[in-house]
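What follows is one structure encoded as structure tokens, with my remarks underneath.
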Amino acid sequence: MSGLTPLERLALGAITALTVLAGVADYGSWAPVPRFLVATLALAGLAWIVSFATEQLGERFGPGVTGMMQSTLGNLPELFVVIFALQKGELIVAQTAIVGSVLANALLVLGLVIVVGARRSETKLMVFSKRLPRDTATLLQVTVFIIVLLALSLGAHDPASHHVKAISSVGAICLLIVYFAWVISYLRTDEAPGTGSEPERPPPRLGLGSTLALLVTGGTASAFVSDWFVNGLEPAILQLHISQAFAGLVIVAIAGNAVENTAGLVLAWKGRSDLAISVVKNSVAQIAAFLYPLLVLVSFALSTTLTFALAPVYTGALGLTALALWQVTGDGEAAEFEGWALVALYVILGALTLYE
Amino acid sequence: MSGLTPLERLALGAITALTVLAGVADYGSWAPVPRFLVATLALAGLAWIVSFATEQLGERFGPGVTGMMQSTLGNLPELFVVIFALQKGELIVAQTAIVGSVLANALLVLGLVIVVGARRSETKLMVFSKRLPRDTATLLQVTVFIIVLLALSLGAHDPASHHVKAISSVGAICLLIVYFAWVISYLRTDEAPGTGSEPERPPPRLGLGSTLALLVTGGTASAFVSDWFVNGLEPAILQLHISQAFAGLVIVAIAGNAVENTAGLVLAWKGRSDLAISVVKNSVAQIAAFLYPLLVLVSFALSTTLTFALAPVYTGALGLTALALWQVTGDGEAAEFEGWALVALYVILGALTLYE
Amino acid sequence: MSGLTPLERLALGAITALTVLAGVADYGSWAPVPRFLVATLALAGLAWIVSFATEQLGERFGPGVTGMMQSTLGNLPELFVVIFALQKGELIVAQTAIVGSVLANALLVLGLVIVVGARRSETKLMVFSKRLPRDTATLLQVTVFIIVLLALSLGAHDPASHHVKAISSVGAICLLIVYFAWVISYLRTDEAPGTGSEPERPPPRLGLGSTLALLVTGGTASAFVSDWFVNGLEPAILQLHISQAFAGLVIVAIAGNAVENTAGLVLAWKGRSDLAISVVKNSVAQIAAFLYPLLVLVSFALSTTLTFALAPVYTGALGLTALALWQVTGDGEAAEFEGWALVALYVILGALTLYE
């Protein structure tokens, strides 16, 4: 672990302590709020560790493979949280955690990345490749298509609305096929968009053994912490008088995603626009077009089934987010106010879910 | 008819036989399923004949005029099916046949054209002119505007929802005016997009007399077969336990459109991207912005009135298809996975209508 | 006032006479229809005076500042009409007046500007800068996001639907922040898009004193006339058997906006495409992202509260208009038929509201 900076070593230590504490809090039945707080911090920390280890591993294989690994490993904490939530019958938390992960990345993180990127640019416009934003928009559009059709069918109480599970399975399989068709073409070029013109990347700072150890430990720990996190969620919600929707859409989403995505902010600040956009966009595409359909299929083995049927507000929020994302980034440039516009959408949605 | 290939002559013979057989089946009251199957095959065949004859005729006048003629003649079979369905009170079949024709072309056929075109391209991106896809998106958007507003009005049971026929008439007239404003500007340039740089077109292979004979015979026969097809639809649906929506959206749509549009696939395979996109896009624009409003106006003379009021699921599907079409093709290039994404949307929709 | 043309002086005189007459009609309790007609004409005239004076003032400061002033002064008449309507409990009129102002500018006026601009262009395509249309699309999208989410929440009767006022306030504040972030960046460049290549602008024709006098008088008079206009609206509606929605969406919208925007048509005819598009687009952005949220906040001091909760039809119309606007102008060029398409959307909507 000699390749780590002192700050990173400190972070590793703190996260280990938080993880142990979260376990103690769970078994010791602490008071709801501190117990939930510790689990949230531990989860956010572990999400960062898994993401960091994946990145280190990826730098040995080229950016294309990194992207692929991030899609399968980098979202492990969200995966575990949703699975445990479904297993414990917390469907609302599971749904809003997925939707919230998409929205926190696509609105909050991307918005801040654009604000930072546009401010640092001499022309006051953040400029990046158009291809990845458009690919993400297309993938997100397929997910939105399934969700909106099911919502309309359920709203109209038509015959198909009694077959949400079957239609969701077909949708999940179609979505995964489209996602892999995209990943394969993305891997074949084996070059992240725009890396050609980017400054040279640093060599990996961790040995392969350390990286793998970090990854396995981080992944396993995040499975345990996810369990404790979901255990602590319900009592904390009751005590804090917040809605399940707010917990999933804001707290879980930020704990699971936003921290790891500070990477995007740092890249934007360094002027590496393409890579910054790529980090955030890949997260959005992976959650919407890989993790969500995967969880739909996996959930048939769990006590609660996850489908693509969401409440009207989240259906609309996802649809409009897909549009906003495309509108703001599809032309390959974004101004600071467009970043604020995306952040504003997240704040408005957060305010609304506070009252759900 | 000496300009025809042996395969084409064989096809003509087979279609003639199928047409006769469909008539025999109708008057002889065959068992529902074979009777419906024969009528479907005959209809698909006649759709190809009318389309082929229109194309031959068009090659004498330049691509602009061809486009115009295809809009008035090439969709004759769909026109007859919808008119007979309305006359027999089959509103759901009529509606889903129109919506299905738009969706089968915009999602299934266009998707496959993109898959083939992108695979055949050296850059793995199908590249084409932006103008026509954007024009189609605008025309489709006007149709979607009427349909969505009516759906919202009906959903809210507001006063305007009692005047769907009057509002549909206004919408139909507006839509036809916009369509003709587009057709005139399209004809004025009298050059299909990108034909300048395309390989030279072959001369027409049929004499004018043969072409006209084929067109008149094919058109007349398709009127009869449409009648028999609609007669056979209801008993076949009952026996096969499929929904009316699936019959209209998938079976009628593919029988009436997809076969003739294999032309688009062949063109994409030959690397003639602009023409391939143009064939499919023109079909979409014609059905949505010409055939549909025309049928709304014509239906006032029939026993069942066709309006722009559709069930929520089809309203949403059309709206999202308009967006997907614009998103995928509006930038003048499309990757293979985007083609699969469009096909996936069609499969998902087909799966949903199976349960309607 | 020596800088005015004879026609402009005649117009000033006529508007003064109409304003006096509107006051006489209000206090003298004339018959509903002539009374309302006089108030409508006076209001349209005063809207033109305020807009003209703002423009004259702006020419002393450069186009950036003009844009800013138009956002605060140019929409004074609409502001007064909505405030008086809310004060008198006419919520439907207030809502539809705002929505109608957005739609009249974005569909009717912009559509006609494109028709004129495309016809005058040698290539039959109106060409303009992409930046402003895309900025407007982004601002409009934020407004639409709030409106659609609230509509979905209300439609589903979910818990958040009981907190429409609180969510609207959050939305209004977010929207104003995004709007000012945009205005500041727009002012910083202090050059209207494309003015560099535009023909030279004429010097201001009015002295500063005359301009300010005209602005203050016009603004004050428009406050009074707005009051009389709203007074006369209800009796006129009853007598003419038109709906409140049609009155707000068509009559108020055209009286308050369309007249001043003939400026856009004149500019398009002169081939100054960028400036023509800019005049109309700025109006749309200002009403949707500045005037509307401002009125939401101001209305907490009035007897009726304005929120972002609109009837489904207007919610849908705004959302689809935002899309159509982006689709038609986002690529920096527009054909004549696209102008007709926008006009058609307005006609369809007007026809629908006739029956509301």
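Every chain in the structure tokens takes a letter, A first, then B, and so on in the order presented; its residues are numbered from 1, and the ligands are numbered from 1 following the presented order.
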If the cut-off is 8 Å, can you tell me the residues of chain B near chain A, counting only C-alpha atoms? I'd like them as a PDB file with C-alpha atoms, in the first residue's frame.
ATOM      1  CA  PRO B 312     -52.494   6.009 -22.974  1.00  0.00           C
ATOM      2  CA  VAL B 313     -49.981   3.243 -23.794  1.00  0.00           C
ATOM      3  CA  GLY B 316     -46.827   7.265 -24.777  1.00  0.00           C
ATOM      4  CA  ALA B 317     -45.257   4.817 -27.216  1.00  0.00           C
ATOM      5  CA  LEU B 320     -41.254   8.228 -26.936  1.00  0.00           C
ATOM      6  CA  ALA B 324     -35.950   8.062 -29.873  1.00  0.00           C
ATOM      7  CA  GLN B 327     -32.168  11.165 -30.714  1.00  0.00           C
ATOM      8  CA  VAL B 328     -30.723   8.309 -32.737  1.00  0.00           C
ATOM      9  CA  GLU B 336     -25.022  -0.561 -34.255  1.00  0.00           C
ATOM     10  CA  PHE B 337     -26.160  -0.567 -30.634  1.00  0.00           C
ATOM     11  CA  GLU B 338     -28.526   2.317 -31.406  1.00  0.00           C
ATOM     12  CA  TRP B 340     -30.561  -2.628 -31.462  1.00  0.00           C
ATOM     13  CA  ALA B 341     -32.000  -0.048 -29.042  1.00  0.00           C
ATOM     14  CA  ALA B 344     -35.595  -3.432 -28.375  1.00  0.00           C
ATOM     15  CA  LEU B 345     -38.240  -0.711 -28.020  1.00  0.00           C
ATOM     16  CA  VAL B 347     -39.959  -5.877 -28.863  1.00  0.00           C
ATOM     17  CA  ILE B 348     -40.881  -4.379 -25.478  1.00  0.00           C
ATOM     18  CA  ALA B 351     -44.582  -7.895 -25.454  1.00  0.00           C
ATOM     19  CA  LEU B 352     -46.787  -5.365 -23.681  1.00  0.00           C
ATOM     20  CA  THR B 353     -49.536  -5.488 -26.321  1.00  0.00           C
ATOM     21  CA  LEU B 354     -49.558  -9.296 -26.121  1.00  0.00           C
ATOM     22  CA  TYR B 355     -51.195  -8.832 -22.717  1.00  0.00           C
ATOM     23  CA  GLU B 356     -53.615  -6.038 -23.722  1.00  0.00           C
TER      24      GLU B 356
END
List the neighbours of Ile287 in chain B out to 12 Å using only C-alpha atoms; skip same-chain residues closer than 2 positions along the sequence, and give me the result as an NGL selection string.
:B and (70-79 or 82 or 97-106 or 136 or 139-140 or 143 or 175-176 or 179 or 253 or 256-257 or 280-285 or 289-295)
With distances taken over only C-alpha atoms, which residue among C:Thr5, C:Gln87, C:Ser29, C:Thr305 lies nearest Asp227 in chain C?
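Once distances to Asp227 in chain C are computed over only C-alpha atoms, the minimum belongs to C:Gln87.
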Name all residues at most 10 Å from Trp48 in chain B (count only C-alpha atoms; drop same-chain ones fewer than 5 positions away) and give them as a CSV table (one decimal) with N, CA, C and O atoms, in the first residue's frame.
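Listing of part_38.csv after writing:
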chain,number,residue,atom,x,y,z
B,11,ALA,N,-42.4,-14.3,-57.7
B,11,ALA,CA,-43.1,-13.6,-56.6
B,11,ALA,C,-44.5,-13.2,-57.1
B,11,ALA,O,-45.5,-13.4,-56.4
B,12,LEU,N,-44.5,-12.6,-58.3
B,12,LEU,CA,-45.8,-12.1,-58.8
B,12,LEU,C,-46.8,-13.2,-58.9
B,12,LEU,O,-47.9,-13.1,-58.6
B,15,ILE,N,-48.0,-14.3,-55.5
B,15,ILE,CA,-48.9,-13.3,-54.9
B,15,ILE,C,-50.3,-13.4,-55.5
B,15,ILE,O,-51.3,-13.4,-54.9
B,42,ALA,N,-51.1,-12.6,-48.6
B,42,ALA,CA,-51.5,-11.9,-49.9
B,42,ALA,C,-51.4,-10.4,-49.7
B,42,ALA,O,-50.9,-9.7,-50.6
B,43,LEU,N,-51.8,-9.9,-48.5
B,43,LEU,CA,-51.7,-8.5,-48.3
B,43,LEU,C,-50.3,-8.0,-48.3
B,43,LEU,O,-50.0,-6.9,-48.9
B,53,ALA,N,-44.2,-1.1,-58.0
B,53,ALA,CA,-44.7,-0.4,-59.2
B,53,ALA,C,-44.6,1.2,-59.0
B,53,ALA,O,-44.2,1.9,-59.9
B,54,THR,N,-44.9,1.7,-57.8
B,54,THR,CA,-44.7,3.1,-57.5
B,54,THR,C,-43.3,3.5,-57.8
B,54,THR,O,-43.0,4.6,-58.3
B,74,GLY,N,-48.2,4.4,-52.2
B,74,GLY,CA,-47.5,3.3,-51.6
B,74,GLY,C,-48.1,2.8,-50.3
B,74,GLY,O,-47.9,1.6,-49.9
B,77,PRO,N,-52.5,-0.2,-49.3
B,77,PRO,CA,-53.0,-1.3,-48.5
B,77,PRO,C,-53.4,-0.9,-47.1
B,77,PRO,O,-54.5,-1.3,-46.6
B,218,GLY,N,-52.6,-4.2,-58.7
B,218,GLY,CA,-52.1,-4.4,-57.3
B,218,GLY,C,-53.0,-3.6,-56.4
B,218,GLY,O,-53.4,-4.1,-55.3
B,255,ALA,N,-47.3,-6.9,-41.8
B,255,ALA,CA,-47.9,-7.3,-43.1
B,255,ALA,C,-47.9,-6.1,-44.1
B,255,ALA,O,-47.6,-6.2,-45.3
B,256,GLY,N,-48.3,-4.9,-43.6
B,256,GLY,CA,-48.5,-3.8,-44.5
B,256,GLY,C,-47.3,-3.0,-44.8
B,256,GLY,O,-47.2,-2.3,-45.8
B,257,ASN,N,-46.3,-3.1,-44.0
B,257,ASN,CA,-45.1,-2.2,-44.1
B,257,ASN,C,-43.8,-2.9,-44.2
B,257,ASN,O,-43.0,-2.6,-45.1
B,258,ALA,N,-43.6,-3.9,-43.3
B,258,ALA,CA,-42.2,-4.4,-43.2
B,258,ALA,C,-41.7,-5.0,-44.4
B,258,ALA,O,-40.5,-4.8,-44.8
B,259,VAL,N,-42.6,-5.7,-45.1
B,259,VAL,CA,-42.1,-6.5,-46.3
B,259,VAL,C,-41.6,-5.5,-47.4
B,259,VAL,O,-40.4,-5.6,-47.8
B,260,GLU,N,-42.4,-4.5,-47.6
B,260,GLU,CA,-41.9,-3.5,-48.7
B,260,GLU,C,-40.6,-2.8,-48.2
B,260,GLU,O,-39.9,-2.3,-49.0
B,261,ASN,N,-40.4,-2.7,-46.9
B,261,ASN,CA,-39.3,-2.0,-46.4
B,261,ASN,C,-38.0,-2.8,-46.3
B,261,ASN,O,-36.9,-2.3,-45.9
B,262,THR,N,-38.1,-4.1,-46.7
B,262,THR,CA,-36.8,-4.9,-46.9
B,262,THR,C,-35.9,-4.1,-47.9
B,262,THR,O,-34.7,-4.2,-47.8
B,263,ALA,N,-36.6,-3.3,-48.8
B,263,ALA,CA,-35.8,-2.5,-49.7
B,263,ALA,C,-34.8,-1.6,-48.9
B,263,ALA,O,-33.7,-1.5,-49.3
Selection near Val81 in chain C, 8 Å with only C-alpha atoms, sequence-local residues under 3 positions removed, as a list in words:
Pro77, Glu78, Phe84, Ala85, Ala94, Ala223, Ser226, Asp227, Phe229 and Val230 of chain C
Saved selection, atoms kept: C-alpha atoms, as a PDB file, in the first residue's frame:
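Below you can see result_32.pdb, which holds the result:
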ATOM      1  CA  PRO C  77     -48.338  44.593 -18.810  1.00  0.00           C
ATOM      2  CA  GLU C  78     -48.472  40.794 -18.395  1.00  0.00           C
ATOM      3  CA  PHE C  84     -54.896  41.925 -10.841  1.00  0.00           C
ATOM      4  CA  ALA C  85     -56.374  38.610 -11.967  1.00  0.00           C
ATOM      5  CA  ALA C  94     -53.838  34.276 -14.398  1.00  0.00           C
ATOM      6  CA  ALA C 223     -51.148  49.108 -14.624  1.00  0.00           C
ATOM      7  CA  SER C 226     -54.679  45.902 -16.740  1.00  0.00           C
ATOM      8  CA  ASP C 227     -57.069  46.498 -13.859  1.00  0.00           C
ATOM      9  CA  PHE C 229     -59.051  44.694 -18.577  1.00  0.00           C
ATOM     10  CA  VAL C 230     -59.442  42.092 -15.833  1.00  0.00           C
TER      11      VAL C 230
END
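Across the model, the gap from CA of Phe300 in chain C to CA of Val252 in chain C is 22.8 Å.
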How many Å separate CA of Asp274 in chain C from CA of Ser129 in chain C?
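So the two atoms, CA of Asp274 in chain C and CA of Ser129 in chain C, lie 6.4 Å apart.
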Write out as a PyMOL selection string which residues come within 8 Å of Leu125 in chain A when counting only C-alpha atoms, dropping same-chain ones fewer than 6 positions away.
chain A and resi 117-119+333-336
Taking the DSSP assignment computed from this structure's backbone, write out as number ranges by chain all residues of range 194-347 of chain C that belong to alpha helix (DSSP H).
C: 208-240, 244-246, 253, 262-269, 273-286, 292-298, 312-329, 336-347
Interatomic distance (Å, one decimal) between CA of Gly248 in chain C and CA of Val24 in chain C:
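We find that CA of Gly248 in chain C and CA of Val24 in chain C lie 23.6 Å from each other.
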Test item: residues at most 8 Å from Leu57 in chain A, only C-alpha atoms, excluding those fewer than 2 positions along its chain, as a PyMOL selection string
chain A and resi 53-55+59-61+66+204+208+211-212
